[in-house]
Amino acid sequence: MSDKLNSSANVVSVGVSGGTGHHGYTEEETEAFTDYINSTLMDDQDLKDKLPIAKDGLFEAVKDGVLINKLINTAVPGTVDERVINKKPKMNPWERNENHELAINSAKAIGCRVVNIQAGFIDEGRPHIVLGLVWQIIKIGLLSDINLKNHPELVRLLQDGESLADLLKLDPAALLVRWVNYHLKNAGSDRRIKNLEGDIKDSVAYTLLLTQIAPNGECSKDPLNENDLEKRAEKMLQNADKIGCRKFVRPKEVINGNQKLNLAFVANLFNNYPALEPINLNDYADLLNFDMEGTREERAFKFWIQSLDIDCNAIPEDLRDGVVLLKVFDKVKPGCVEWKRVSNPPKNRYQAIENTNYCVDLAKQFKFNTVNVGGTDIADGNKKIILGLIWQLMRRSLLDTLKALGGGKEVDEKDVVAWANSKVTDEKPIDDLNDKSLRTGVFLCKLCAAVRPSAVNLDFITPGESDEDAEQNAKYAISVARKIGATVFLLFEDILEVKPRMILSFIASLWVKSLNK
């Protein structure tokens, strides 16, 4: 990578070593993300030598991997077991690489798209890679609670003729646009926005929004008396400062309509002051009945699909027209989908069912369990059937990878169990993937140690007899697996409850990593 940075209109163009390509990023985004990191992690003792990061110091500060792992834990607390992070003041390249692998695989496990991100790129501090990853982590942290599960009062954003299923299809950014428009309507304004770019440049929507959500009337409409847009934006931000929400944007980013920074600004407003009237949960009990076990599987499968570089925001909503499922089939077995047969996107329910019937046909070709599974079940959003199909695809992907790396020999669950038992020689062998001894986490920690002894500190492993000790072992095993370079999406609860699907995915991913060194 060239050392020269050519700046034009605050967009920095970075030359890529070994080629003629360039990647761009904005100085405004770099400064905004740096400010956020400084304020969010300022009290972290492990980062006291790095913080506060200087205006141009972000790309150097991430090079040892500690900061990005810490940032992931601010976005989704508990994702990274900090006992696994290498924190020595001076690390060798191997130790830094382990931190980067831990960060990349942990980021993947919270929904970041990391298809083109390699450990070496972070170690080099490549600006466009670092900023892309940092933005995804910050965005996930800001948007993670903007959903019906955490804020059932979001049902107030339903429009005439819509069902709750329509609202569930919306990603958090779209919900935020709805939320702004809801408050604009309540403010008596005819103004509505369609995006957080061009539609907010004049600060009118922001000024009215702040008057609606300020808890004690701290914000006024005075900024609207200012004709100069940059000065108006500054006065609007002074209002935001009165309620502690002047973050991410400066007047320039407002009037230029920077999408990322304005999304962050609005998300922060919502997280602090949603200002939506509570609902009677009994009125929506059936619609808001979130099954925690199902939700955990949905989360794991959604992030697995995203790791294939396929857009998927919500299960089952995003899979009902068959297109996402067909893309997954095509990733698991490239070329298996005849795309000329697919309506992408379907124009009506008939075309959607044609797509989902094709999914069922492919599932039969893959010899999946398709008893009582029809295309209409997928189109109707039958969660159990859709999750079952995704699991079979995930399983096939893992076992096909093991088959390819193992010289073409077919692999099944019994082989996975046999491999694990052959590696862990100082614990009682497990009978199968339902073996209740797995709940202590000890076997899985020892399996990680067998794959890479240097990655595991055996002093951290307890017998796991109490729930608390078992939880700590499970969390440790998951983070160590990611540090080794395995892609795993399960949560510690899946280990404590011995969920065989998730246990299979964990062990198989470790086996893949051990073969793919």
# chains A, B, ... in the order shown; residues from 1 in each chain; ligands from 1
>>> residues_around(residues="stretch 466-480 of chain A", least_positions_apart="4", cutoff="8 Å", atoms="only C-alpha atoms", output="list of chain:residue names")
A:Thr79, A:Val80, A:Asp81, A:Arg83, A:Val84, A:Leu102, A:Ser106, A:Arg439, A:Thr440, A:Gly441, A:Val442, A:Leu444, A:Cys445, A:Cys448, A:Ala455, A:Val456, A:Phe460, A:Ile461, A:Thr462, A:Ile484, A:Val488, A:Leu490, A:Leu491, A:Phe492, A:Glu493, A:Ile495, A:Leu496
>>> select_by_dssp(residues="stretch 416-462 of chain A", states="helix (DSSP H, G or I)", output="list of chain:residue names")
A:Val416, A:Val417, A:Ala418, A:Trp419, A:Ala420, A:Asn421, A:Ser422, A:Lys423, A:Lys436, A:Ser437, A:Leu438, A:Arg439, A:Thr440, A:Val442, A:Phe443, A:Leu444, A:Cys445, A:Lys446, A:Leu447, A:Cys448, A:Ala449, A:Ala450, A:Val451, A:Pro453, A:Ser454, A:Ala455, A:Leu458, A:Asp459, A:Phe460
>>> closest_residue(among="A:Asn105, A:Asn86, A:Thr376, A:Thr26", to="A:Arg349", atoms="only C-alpha atoms")
A:Thr376
>>> residues_around(residues="A:Lys327", least_positions_apart="4", cutoff="8 Å", atoms="only C-alpha atoms", output="list in words")
Ile310, Val323 and Lys331 of chain A
>>> write_last_selection(atoms="C-alpha atoms", output="short mmCIF file (atom, residue, chain, number, x, y, z; two decimals), in the first residue's frame")
data_model
loop_
_atom_site.label_atom_id
_atom_site.label_comp_id
_atom_site.auth_asym_id
_atom_site.auth_seq_id
_atom_site.Cartn_x
_atom_site.Cartn_y
_atom_site.Cartn_z
CA ILE A 310 -25.98 -13.12 1.13
CA VAL A 323 -34.71 -16.26 -3.43
CA LYS A 331 -23.38 -21.36 -2.32
#
>>> closest_residue(among="A:Leu269, A:Leu143, A:Leu319, A:Val373", to="A:Lys169", atoms="only C-alpha atoms")
A:Leu319
>>> select_by_dssp(residues="stretch 11-216 of chain A", states="strand (DSSP E or B)", output="VMD selection string")
chain A and resid 11 to 15 22 to 26
>>> write_last_selection(atoms="C-alpha atoms", output="compact mmCIF listing (two decimals), in the first residue's frame")
# COMPACT_ATOMS: atom_id res chain seq x y z
CA VAL A 11 -12.31 11.86 0.69
CA VAL A 12 -8.98 10.11 1.02
CA SER A 13 -7.86 7.86 -1.83
CA VAL A 14 -5.52 5.06 -0.81
CA GLY A 15 -3.33 3.35 -3.36
CA HIS A 22 -7.79 2.68 -5.05
CA HIS A 23 -10.17 2.64 -2.11
CA GLY A 24 -11.79 5.76 -0.67
CA TYR A 25 -12.83 6.76 2.82
CA THR A 26 -13.77 10.06 4.37
>>> closest_residue(among="A:Glu427, A:Glu31, A:Glu253, A:Asp400", to="A:Pro463", atoms="only C-alpha atoms")
A:Glu427
>>> closest_residue(among="A:Gly132, A:Gly125, A:Gly141, A:Pro278", to="A:Val76", atoms="only C-alpha atoms")
A:Gly141
>>> residues_around(residues="A:Ile243", least_positions_apart="5", cutoff="12 Å", atoms="only C-alpha atoms", output="count of residues only")
17
>>> residues_around(residues="A:Glu60", least_positions_apart="6", cutoff="12 Å", atoms="only C-alpha atoms", output="list in words")
Thr34, Lys50, Leu51, Ile53, Ala54, Val66, Leu67, Ile68, Phe121, Ile122, Asp123, Glu124, Gly125, Arg126, Pro127 and Val130 of chain A
>>> residues_around(residues="A:Ala233", least_positions_apart="6", cutoff="8 Å", atoms="only C-alpha atoms", output="tab-separated table (two decimals) with C-alpha atoms, in the first residue's frame")
chain	number	residue	atom	x	y	z
A	202	ASP	CA	-31.87	21.14	5.65
A	203	SER	CA	-32.16	20.09	9.36
A	223	PRO	CA	-33.01	26.66	14.31
A	250	ARG	CA	-21.10	17.94	12.59
A	251	PRO	CA	-22.97	20.55	10.54
A	254	VAL	CA	-25.71	16.97	8.01
A	255	ILE	CA	-25.77	19.28	4.99
>>> closest_residue(among="A:Trp511, A:Phe506, A:Tyr36, A:Phe270", to="A:Arg178", atoms="only C-alpha atoms")
A:Phe270
>>> atom_distance(atom1="atom CA of A:Asn457", atom2="atom CA of A:Lys499")
25.5 Å
>>> atom_distance(atom1="atom CA of A:Leu261", atom2="atom CA of A:Lys221")
22.7 Å
